[in-house]
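See below for input25.tsv, which holds TSV, C-alpha atoms and all ligand atoms.
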chain	number	residue	atom	x	y	z
A	1	MET	CA	-9.37	-0.46	-17.86
A	2	THR	CA	-9.75	-0.84	-14.09
A	3	PHE	CA	-8.57	-4.00	-12.38
A	4	THR	CA	-8.32	-4.09	-8.60
A	5	VAL	CA	-6.31	-6.55	-6.55
A	6	ALA	CA	-7.16	-6.47	-2.81
A	7	ILE	CA	-4.53	-7.92	-0.47
A	8	ASP	CA	-5.32	-8.13	3.24
A	9	GLY	CA	-3.74	-9.75	6.25
A	10	PRO	CA	-2.14	-9.15	9.64
A	11	ALA	CA	1.11	-7.30	10.35
A	12	ALA	CA	4.33	-8.79	8.93
A	13	ALA	CA	2.64	-11.64	7.04
A	14	GLY	CA	4.39	-10.63	3.83
A	15	LYS	CA	1.60	-8.50	2.31
A	16	GLY	CA	3.93	-5.63	1.47
A	17	THR	CA	6.47	-7.76	-0.36
A	18	ILE	CA	3.78	-9.72	-2.18
A	19	SER	CA	1.84	-6.57	-3.12
A	20	LYS	CA	4.89	-4.85	-4.58
A	21	ALA	CA	5.82	-7.97	-6.54
A	22	VAL	CA	2.27	-8.43	-7.90
A	23	ALA	CA	2.08	-4.76	-8.88
A	24	ALA	CA	5.44	-4.95	-10.68
A	25	HIS	CA	4.57	-8.24	-12.39
A	26	PHE	CA	1.25	-6.98	-13.82
A	27	ASP	CA	2.31	-3.33	-14.15
A	28	LEU	CA	-0.32	-2.08	-11.70
A	29	ALA	CA	-0.14	0.91	-9.33
A	30	HIS	CA	0.32	-0.01	-5.66
A	31	LEU	CA	-1.03	1.59	-2.48
A	32	ASP	CA	0.08	0.40	0.96
A	33	THR	CA	-3.01	1.58	2.87
A	34	GLY	CA	-1.26	0.99	6.21
A	35	LEU	CA	0.71	4.14	5.41
A	36	LEU	CA	-2.49	6.19	5.63
A	37	TYR	CA	-3.15	4.95	9.16
A	38	ARG	CA	0.53	5.28	10.08
A	39	ALA	CA	0.54	8.91	8.89
A	40	VAL	CA	-2.49	9.54	11.11
A	41	GLY	CA	-0.79	7.72	14.02
A	42	ALA	CA	2.35	9.84	13.60
A	43	ARG	CA	0.29	13.03	13.85
A	44	VAL	CA	-1.50	11.71	16.95
A	45	LEU	CA	1.88	11.14	18.62
A	46	VAL	CA	2.64	14.85	18.25
A	47	GLY	CA	-0.69	15.88	19.73
A	48	VAL	CA	-3.01	16.18	16.72
A	49	ASP	CA	-6.55	14.80	17.01
A	50	ALA	CA	-6.85	11.52	15.06
A	51	ILE	CA	-10.00	12.48	13.16
A	52	ASP	CA	-8.57	15.90	12.18
A	53	ALA	CA	-5.34	14.19	11.08
A	54	ALA	CA	-7.27	11.75	8.86
A	55	ARG	CA	-9.38	14.51	7.30
A	56	ASP	CA	-6.29	16.67	6.60
A	57	LEU	CA	-4.06	13.89	5.27
A	58	ARG	CA	-1.95	14.82	2.23
A	59	ALA	CA	0.01	12.64	-0.18
A	60	GLU	CA	3.30	14.12	1.06
A	61	ASP	CA	2.54	12.77	4.58
A	62	LEU	CA	2.97	9.21	3.28
A	63	ASP	CA	6.72	8.89	3.74
A	64	GLY	CA	7.07	5.13	4.12
A	65	ASP	CA	10.45	4.90	5.83
A	66	ALA	CA	9.83	7.52	8.51
A	67	LEU	CA	6.49	5.91	9.37
A	68	ARG	CA	7.80	2.36	9.93
A	69	THR	CA	8.49	2.52	13.67
A	70	ALA	CA	6.92	0.35	16.39
A	71	ASP	CA	5.43	3.39	18.19
A	72	ILE	CA	3.78	4.66	15.04
A	73	ALA	CA	2.43	1.16	14.27
A	74	GLN	CA	0.68	1.00	17.64
A	75	ALA	CA	-0.65	4.56	17.31
A	76	ALA	CA	-1.88	3.68	13.80
A	77	SER	CA	-3.66	0.59	15.08
A	78	ARG	CA	-5.41	2.64	17.79
A	79	ALA	CA	-6.41	5.42	15.35
A	80	ALA	CA	-7.64	2.77	12.88
A	81	ALA	CA	-10.26	1.64	15.41
A	82	ILE	CA	-12.01	5.05	15.23
A	83	PRO	CA	-14.87	4.89	12.68
A	84	GLU	CA	-14.53	8.58	11.65
A	85	VAL	CA	-10.83	8.05	10.90
A	86	ARG	CA	-11.65	5.10	8.63
A	87	ALA	CA	-14.50	7.00	6.96
A	88	ALA	CA	-12.21	9.94	6.16
A	89	LEU	CA	-9.82	7.63	4.28
A	90	VAL	CA	-12.35	5.70	2.16
A	91	ASP	CA	-12.64	8.03	-0.85
A	92	PHE	CA	-8.90	8.29	-1.39
A	93	GLN	CA	-8.54	4.50	-1.33
A	94	ARG	CA	-11.50	3.87	-3.68
A	95	ALA	CA	-10.26	6.49	-6.14
A	96	PHE	CA	-6.87	4.79	-6.16
A	97	ALA	CA	-8.46	1.35	-6.58
A	98	THR	CA	-10.40	2.37	-9.68
A	99	ARG	CA	-7.64	4.25	-11.47
A	100	GLN	CA	-7.06	3.47	-15.11
A	101	GLY	CA	-4.47	0.74	-15.65
A	102	GLY	CA	-5.40	-1.10	-12.47
A	103	ALA	CA	-4.20	-1.12	-8.89
A	104	VAL	CA	-3.09	-3.30	-6.01
A	105	LEU	CA	-4.12	-2.15	-2.52
A	106	ASP	CA	-2.92	-3.86	0.61
A	107	GLY	CA	-4.31	-3.44	4.11
A	108	ARG	CA	-6.80	-4.98	6.49
A	109	ASP	CA	-10.25	-4.26	5.01
A	110	ILE	CA	-9.61	-3.85	1.29
A	111	GLY	CA	-11.46	-6.98	0.15
A	112	THR	CA	-14.25	-6.62	2.72
A	113	VAL	CA	-15.01	-2.87	2.88
A	114	ILE	CA	-12.99	-0.68	0.51
A	115	CYS	CA	-13.18	-2.85	-2.63
A	116	PRO	CA	-15.77	-5.60	-2.12
A	117	ASP	CA	-15.93	-5.99	-5.92
A	118	ALA	CA	-12.18	-6.37	-6.44
A	119	ALA	CA	-11.28	-8.72	-9.29
A	120	VAL	CA	-8.95	-10.67	-7.02
A	121	LYS	CA	-8.77	-10.87	-3.23
A	122	LEU	CA	-5.87	-12.41	-1.37
A	123	PHE	CA	-5.63	-12.94	2.38
A	124	VAL	CA	-1.97	-13.27	3.33
A	125	THR	CA	-1.27	-14.61	6.79
A	126	ALA	CA	1.34	-16.44	8.89
A	127	ARG	CA	1.72	-17.67	12.46
A	128	ALA	CA	2.27	-14.85	14.99
A	129	GLU	CA	5.71	-16.21	16.01
A	130	VAL	CA	6.89	-16.29	12.40
A	131	ARG	CA	5.64	-12.75	11.80
A	132	ALA	CA	7.27	-11.48	15.00
A	133	GLN	CA	10.59	-13.07	14.02
A	134	ARG	CA	10.49	-11.34	10.63
A	135	ARG	CA	9.59	-7.99	12.18
A	136	PHE	CA	12.32	-8.45	14.83
A	137	GLU	CA	14.95	-9.04	12.13
A	138	GLU	CA	13.70	-6.05	10.13
A	139	LEU	CA	13.84	-3.74	13.18
A	140	SER	CA	17.25	-5.08	14.26
A	141	ASP	CA	18.63	-4.50	10.75
A	142	LYS	CA	17.50	-0.89	11.06
A	143	GLY	CA	19.41	-0.58	14.33
A	144	ALA	CA	16.36	-0.54	16.63
A	145	VAL	CA	17.07	-1.80	20.16
A	146	THR	CA	14.42	-4.42	20.91
A	147	ASP	CA	13.99	-8.11	21.67
A	148	PHE	CA	11.89	-10.91	20.20
A	149	GLU	CA	9.46	-11.15	23.15
A	150	THR	CA	8.65	-7.43	22.93
A	151	VAL	CA	8.05	-7.64	19.19
A	152	LEU	CA	5.87	-10.76	19.63
A	153	ALA	CA	3.80	-8.97	22.28
A	154	ASP	CA	3.40	-5.98	19.93
A	155	VAL	CA	2.33	-8.21	17.02
A	156	LYS	CA	-0.24	-10.00	19.20
A	157	ALA	CA	-1.57	-6.73	20.66
A	158	ARG	CA	-2.00	-5.31	17.18
A	159	ASP	CA	-3.65	-8.53	15.89
A	160	GLU	CA	-6.08	-8.44	18.78
A	161	ARG	CA	-6.97	-4.75	18.29
A	162	ASP	CA	-7.20	-4.99	14.49
A	163	SER	CA	-9.34	-8.15	14.62
A	164	SER	CA	-11.72	-7.19	17.40
A	165	ARG	CA	-12.59	-3.59	16.49
A	166	ALA	CA	-16.24	-2.97	15.62
A	167	THR	CA	-15.60	-1.12	12.35
A	168	ALA	CA	-13.95	-2.99	9.46
A	169	PRO	CA	-12.13	-5.61	11.54
A	170	LEU	CA	-9.32	-7.65	10.04
A	171	VAL	CA	-11.06	-10.65	8.53
A	172	ALA	CA	-10.67	-12.58	5.29
A	173	ALA	CA	-13.35	-11.90	2.68
A	174	ASP	CA	-15.43	-15.01	1.92
A	175	ASP	CA	-14.08	-15.04	-1.64
A	176	ALA	CA	-10.42	-14.39	-0.76
A	177	VAL	CA	-7.64	-16.78	-1.74
A	178	LEU	CA	-5.76	-17.67	1.44
A	179	ILE	CA	-1.95	-17.65	1.33
A	180	ASP	CA	-0.21	-18.79	4.54
A	181	THR	CA	3.42	-17.71	4.24
A	182	SER	CA	4.59	-19.35	7.52
A	183	ASP	CA	6.46	-22.12	5.74
A	184	LEU	CA	6.88	-20.53	2.30
A	185	SER	CA	9.93	-18.79	0.87
A	186	ILE	CA	9.36	-15.25	-0.39
A	187	ASP	CA	9.60	-16.50	-3.98
A	188	ALA	CA	7.04	-19.26	-3.37
A	189	ALA	CA	4.62	-16.82	-1.70
A	190	ILE	CA	4.97	-14.38	-4.60
A	191	ALA	CA	4.45	-17.20	-7.11
A	192	ALA	CA	1.21	-18.24	-5.36
A	193	ALA	CA	-0.06	-14.65	-5.42
A	194	VAL	CA	0.90	-14.09	-9.07
A	195	ALA	CA	-0.85	-17.34	-10.04
A	196	ALA	CA	-4.07	-16.26	-8.28
A	197	VAL	CA	-4.04	-12.87	-10.03
A	198	ALA	CA	-3.17	-14.41	-13.40
A	199	ALA	CA	-6.16	-16.75	-13.09
A	200	ALA	CA	-8.48	-13.75	-12.61
A	201	ARG	CA	-6.97	-11.82	-15.52
A	202	ALA	CA	-7.26	-14.74	-17.93
B	1	LIG	O1	-0.02	-2.57	7.48
B	1	LIG	P1	0.58	-1.72	8.59
B	1	LIG	O2	1.28	-2.51	9.63
B	1	LIG	O3	1.43	-0.62	8.05
B	1	LIG	O4	-0.72	-1.03	9.28
B	1	LIG	C1	-0.64	-0.20	10.42
B	1	LIG	C2	-1.96	-0.24	11.18
B	1	LIG	O5	-2.96	0.41	10.40
B	1	LIG	C3	-2.50	-1.62	11.48
B	1	LIG	O6	-2.21	-2.05	12.79
B	1	LIG	C4	-3.99	-1.51	11.32
B	1	LIG	C5	-4.19	-0.28	10.49
B	1	LIG	N1	-4.73	-0.54	9.14
B	1	LIG	C6	-6.09	-0.69	9.02
B	1	LIG	O7	-6.80	-0.67	10.03
B	1	LIG	N2	-6.63	-0.82	7.78
B	1	LIG	C7	-5.87	-0.86	6.69
B	1	LIG	N3	-6.45	-0.98	5.49
B	1	LIG	C8	-4.47	-0.76	6.80
B	1	LIG	C9	-3.92	-0.62	8.05

In structure tokens, how does this file's structure come out?
Ligand code: DC
Amino acid sequence: MTFTVAIDGPAAAGKGTISKAVAAHFDLAHLDTGLLYRAVGARVLVGVDAIDAARDLRAEDLDGDALRTADIAQAASRAAAIPEVRAALVDFQRAFATRQGGAVLDGRDIGTVICPDAAVKLFVTARAEVRAQRRFEELSDKGAVTDFETVLADVKARDERDSSRATAPLVAADDAVLIDTSDLSIDAAIAAAVAAVAAARA
């Protein structure tokens, strides 16, 4: 049986946490599609052409921890604006989405472009200041030397680029359930997402 859950939203809104929790709750496979663009961004930073990097991407390039740096995030966001980069990554994502047993994919264009027929679509968002504060704490915990204003500027720059690009911009699908996590605890946000998915599975 295939069952696709599409979870989109801006950086640091809580998509990752919610996606992992939904996947675990319903025993679905999970793909963080941001990792695909981050892997491309990481290759660009060492001089590889973005389109070549996207076409040559391999599963072993998707090392989550190594790819979660601020520089790679910005490079990913720039590479993600190139239509040929996005096109090269479509088949892999659709194959994952339709695997037997069901899947959760999180990203920016899952409900709008990659899986317009997903059984459930969630759009997870939060105010930019709240997202920047979360990202700042996450980076500080990892020992990165940064400050809140820099992180906020990064979050806003990425929002602007991701939302204004011509191909597959970050936008909620018309039929997405909106979850604003600004004033929600992690548990409450997860509960809202699980309830939306449960309603579609019933
Ligand atoms: O979710 P993330 O922060 O790891 O994503 C990194 C960048 O990749 C983000 O700024 C935009 C891009 N991206 C995208 O364009 N489409 C996706 N489905 C996922 C990520």

Considering only C-alpha atoms and all ligand atoms, give me a table of residues in chain A that are at most 8 Å from ligand LIG 1 (chain B), with the closest atom pair and distance in Å for each, as a Markdown table.
| residue | atom | partner | partner_atom | distance |
| --- | --- | --- | --- | --- |
| A:Asp8 | CA | B:LIG1 | N3 | 7.6 |
| A:Pro10 | CA | B:LIG1 | O1 | 7.2 |
| A:Ala11 | CA | B:LIG1 | O2 | 4.8 |
| A:Ala12 | CA | B:LIG1 | O2 | 7.0 |
| A:Gly16 | CA | B:LIG1 | O1 | 7.8 |
| A:Asp32 | CA | B:LIG1 | O1 | 7.2 |
| A:Thr33 | CA | B:LIG1 | C8 | 4.8 |
| A:Gly34 | CA | B:LIG1 | C9 | 3.6 |
| A:Leu35 | CA | B:LIG1 | O3 | 5.5 |
| A:Leu36 | CA | B:LIG1 | C8 | 7.3 |
| A:Tyr37 | CA | B:LIG1 | O5 | 4.7 |
| A:Arg38 | CA | B:LIG1 | C1 | 5.6 |
| A:Arg68 | CA | B:LIG1 | O3 | 7.3 |
| A:Ala73 | CA | B:LIG1 | C1 | 5.1 |
| A:Gln74 | CA | B:LIG1 | O6 | 6.4 |
| A:Ala75 | CA | B:LIG1 | C2 | 7.9 |
| A:Ala76 | CA | B:LIG1 | C2 | 4.7 |
| A:Ser77 | CA | B:LIG1 | O6 | 3.8 |
| A:Arg78 | CA | B:LIG1 | O6 | 7.6 |
| A:Ala79 | CA | B:LIG1 | C5 | 7.8 |
| A:Ala80 | CA | B:LIG1 | O7 | 4.5 |
| A:Ala81 | CA | B:LIG1 | O7 | 6.8 |
| A:Arg86 | CA | B:LIG1 | O7 | 7.7 |
| A:Asp106 | CA | B:LIG1 | N3 | 6.7 |
| A:Gly107 | CA | B:LIG1 | N3 | 3.5 |
| A:Arg108 | CA | B:LIG1 | N3 | 4.1 |
| A:Asp109 | CA | B:LIG1 | N3 | 5.0 |
| A:Ile110 | CA | B:LIG1 | N3 | 6.0 |
| A:Arg158 | CA | B:LIG1 | O6 | 5.5 |
| A:Asp159 | CA | B:LIG1 | O6 | 7.3 |
| A:Arg161 | CA | B:LIG1 | O6 | 7.8 |
| A:Asp162 | CA | B:LIG1 | C4 | 5.7 |
| A:Ala168 | CA | B:LIG1 | O7 | 7.5 |
| A:Pro169 | CA | B:LIG1 | O7 | 7.4 |
| A:Leu170 | CA | B:LIG1 | O7 | 7.4 |

For CA of Val130 (chain A) and CA of Ser163 (chain A), determine how far apart the two atoms are, in Å to one decimal place. 18.3 Å

List the neighbours of Ala153 (chain A) out to 12 Å using all atoms listed in the file; skip same-chain residues closer than 2 positions along the sequence, and give me the result as an MDAnalysis selection string. chainID A and resid 70 74 128:129 131:133 135:136 146:151 155:160

Preceding selection exported with C-alpha atoms as a compact mmCIF listing (two decimals), keeping the file's coordinate frame:
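Result file is part.txt:
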# COMPACT_ATOMS: atom_id res chain seq x y z
CA ALA A 70 6.92 0.35 16.39
CA GLN A 74 0.68 1.00 17.64
CA ALA A 128 2.27 -14.85 14.99
CA GLU A 129 5.71 -16.21 16.01
CA ARG A 131 5.64 -12.75 11.80
CA ALA A 132 7.27 -11.48 15.00
CA GLN A 133 10.59 -13.07 14.02
CA ARG A 135 9.59 -7.99 12.18
CA PHE A 136 12.32 -8.45 14.83
CA THR A 146 14.42 -4.42 20.91
CA ASP A 147 13.99 -8.11 21.67
CA PHE A 148 11.89 -10.91 20.20
CA GLU A 149 9.46 -11.15 23.15
CA THR A 150 8.65 -7.43 22.93
CA VAL A 151 8.05 -7.64 19.19
CA VAL A 155 2.33 -8.21 17.02
CA LYS A 156 -0.24 -10.00 19.20
CA ALA A 157 -1.57 -6.73 20.66
CA ARG A 158 -2.00 -5.31 17.18
CA ASP A 159 -3.65 -8.53 15.89
CA GLU A 160 -6.08 -8.44 18.78

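Picture a line from CA of Ala191 (chain A) to CA of Ala172 (chain A); it runs 20.1 Å.
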
One decimal place gives the CA of Ala202 (chain A)-CA of Ala23 (chain A) separation as 16.4 Å

As a short mmCIF file (atom, residue, chain, number, x, y, z; two decimals) with C-alpha atoms, keeping the file's coordinate frame, please: the residues near region 117-120 of chain A (cut-off 8 Å, only C-alpha atoms, same-chain neighbours under 6 positions excluded).
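Just written: out.cif:
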data_model
loop_
_atom_site.label_atom_id
_atom_site.label_comp_id
_atom_site.auth_asym_id
_atom_site.auth_seq_id
_atom_site.Cartn_x
_atom_site.Cartn_y
_atom_site.Cartn_z
CA PHE A 3 -8.57 -4.00 -12.38
CA THR A 4 -8.32 -4.09 -8.60
CA VAL A 5 -6.31 -6.55 -6.55
CA ALA A 6 -7.16 -6.47 -2.81
CA GLY A 111 -11.46 -6.98 0.15
CA ALA A 176 -10.42 -14.39 -0.76
CA ALA A 196 -4.07 -16.26 -8.28
CA VAL A 197 -4.04 -12.87 -10.03
CA ALA A 200 -8.48 -13.75 -12.61
#

Write out as a ChimeraX atom specification which residues come within 10 Å of Ala21 (chain A) when counting only C-alpha atoms, dropping same-chain ones fewer than 3 positions away. /A:15-18,24-28,30,187,190-191,193-194

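Taking only C-alpha atoms into account, Gly9 (chain A) lies nearest to A:Leu122 out of the set A:Ala59, A:Leu122, A:Ala199, A:Ala144.
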
Selection near Asp49 (chain A), 12 Å with all atoms listed in the file, sequence-local residues under 6 positions removed, as an mmCIF file with C-alpha atoms, in the frame of the given file:
data_model
loop_
_atom_site.group_PDB
_atom_site.id
_atom_site.type_symbol
_atom_site.label_atom_id
_atom_site.label_comp_id
_atom_site.auth_asym_id
_atom_site.auth_seq_id
_atom_site.Cartn_x
_atom_site.Cartn_y
_atom_site.Cartn_z
ATOM 1 C CA VAL A 40 -2.490 9.540 11.110
ATOM 2 C CA GLY A 41 -0.790 7.720 14.020
ATOM 3 C CA ALA A 42 2.350 9.840 13.600
ATOM 4 C CA ARG A 43 0.290 13.030 13.850
ATOM 5 C CA ARG A 55 -9.380 14.510 7.300
ATOM 6 C CA ASP A 56 -6.290 16.670 6.600
ATOM 7 C CA ALA A 75 -0.650 4.560 17.310
ATOM 8 C CA ALA A 79 -6.410 5.420 15.350
ATOM 9 C CA ILE A 82 -12.010 5.050 15.230
ATOM 10 C CA GLU A 84 -14.530 8.580 11.650
ATOM 11 C CA VAL A 85 -10.830 8.050 10.900
#

Output requested as a CSV table (one decimal), in the frame of the given file - region 168-179 of chain A, filled out with all heavy atoms.
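Output contents, as saved in result_6.csv:
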chain,number,residue,atom,x,y,z
A,168,ALA,N,-14.9,-2.4,10.4
A,168,ALA,CA,-14.0,-3.0,9.5
A,168,ALA,C,-12.8,-3.8,10.1
A,168,ALA,O,-11.7,-3.5,9.9
A,168,ALA,CB,-13.4,-1.9,8.6
A,169,PRO,N,-13.2,-4.8,10.9
A,169,PRO,CA,-12.1,-5.6,11.5
A,169,PRO,C,-11.3,-6.4,10.5
A,169,PRO,O,-11.8,-6.6,9.4
A,169,PRO,CB,-12.9,-6.5,12.5
A,169,PRO,CG,-14.3,-6.6,11.9
A,169,PRO,CD,-14.5,-5.3,11.2
A,170,LEU,N,-10.1,-6.8,10.9
A,170,LEU,CA,-9.3,-7.6,10.0
A,170,LEU,C,-9.9,-9.0,9.9
A,170,LEU,O,-10.0,-9.8,10.9
A,170,LEU,CB,-7.9,-7.8,10.6
A,170,LEU,CG,-7.0,-8.8,10.0
A,170,LEU,CD1,-6.7,-8.4,8.6
A,170,LEU,CD2,-5.7,-8.9,10.8
A,171,VAL,N,-10.4,-9.3,8.8
A,171,VAL,CA,-11.1,-10.6,8.5
A,171,VAL,C,-11.0,-11.0,7.0
A,171,VAL,O,-11.0,-10.0,6.2
A,171,VAL,CB,-12.5,-10.6,9.0
A,171,VAL,CG1,-13.4,-9.6,8.3
A,171,VAL,CG2,-13.2,-12.0,8.9
A,172,ALA,N,-10.8,-12.2,6.7
A,172,ALA,CA,-10.7,-12.6,5.3
A,172,ALA,C,-12.1,-12.5,4.6
A,172,ALA,O,-13.1,-12.9,5.2
A,172,ALA,CB,-10.1,-14.0,5.2
A,173,ALA,N,-12.1,-11.9,3.4
A,173,ALA,CA,-13.4,-11.9,2.7
A,173,ALA,C,-13.7,-13.3,2.3
A,173,ALA,O,-12.8,-14.2,2.2
A,173,ALA,CB,-13.2,-11.1,1.4
A,174,ASP,N,-15.0,-13.6,2.2
A,174,ASP,CA,-15.4,-15.0,1.9
A,174,ASP,C,-14.8,-15.5,0.6
A,174,ASP,O,-14.5,-16.7,0.5
A,174,ASP,CB,-17.0,-15.1,1.8
A,174,ASP,CG,-17.7,-14.8,3.1
A,174,ASP,OD1,-17.0,-15.0,4.1
A,174,ASP,OD2,-18.8,-14.5,3.1
A,175,ASP,N,-14.6,-14.6,-0.3
A,175,ASP,CA,-14.1,-15.0,-1.6
A,175,ASP,C,-12.6,-14.8,-1.8
A,175,ASP,O,-12.1,-14.7,-2.9
A,175,ASP,CB,-14.9,-14.4,-2.8
A,175,ASP,CG,-15.0,-12.9,-2.6
A,175,ASP,OD1,-14.6,-12.4,-1.5
A,175,ASP,OD2,-15.5,-12.2,-3.5
A,176,ALA,N,-11.9,-14.6,-0.7
A,176,ALA,CA,-10.4,-14.4,-0.8
A,176,ALA,C,-9.7,-15.7,-0.9
A,176,ALA,O,-10.1,-16.7,-0.4
A,176,ALA,CB,-9.9,-13.7,0.5
A,177,VAL,N,-8.6,-15.6,-1.7
A,177,VAL,CA,-7.6,-16.8,-1.7
A,177,VAL,C,-6.7,-16.7,-0.6
A,177,VAL,O,-6.1,-15.6,-0.4
A,177,VAL,CB,-6.8,-16.7,-3.1
A,177,VAL,CG1,-5.8,-17.8,-3.1
A,177,VAL,CG2,-7.7,-16.8,-4.3
A,178,LEU,N,-6.6,-17.7,0.2
A,178,LEU,CA,-5.8,-17.7,1.4
A,178,LEU,C,-4.3,-18.1,1.1
A,178,LEU,O,-4.1,-19.1,0.5
A,178,LEU,CB,-6.4,-18.6,2.5
A,178,LEU,CG,-5.7,-18.6,3.9
A,178,LEU,CD1,-6.1,-17.3,4.6
A,178,LEU,CD2,-6.1,-19.8,4.7
A,179,ILE,N,-3.4,-17.3,1.5
A,179,ILE,CA,-2.0,-17.6,1.3
A,179,ILE,C,-1.3,-17.6,2.7
A,179,ILE,O,-1.1,-16.5,3.3
A,179,ILE,CB,-1.2,-16.7,0.3
A,179,ILE,CG1,-1.9,-16.8,-1.0
A,179,ILE,CG2,0.3,-17.1,0.2
A,179,ILE,CD1,-1.3,-15.8,-2.1
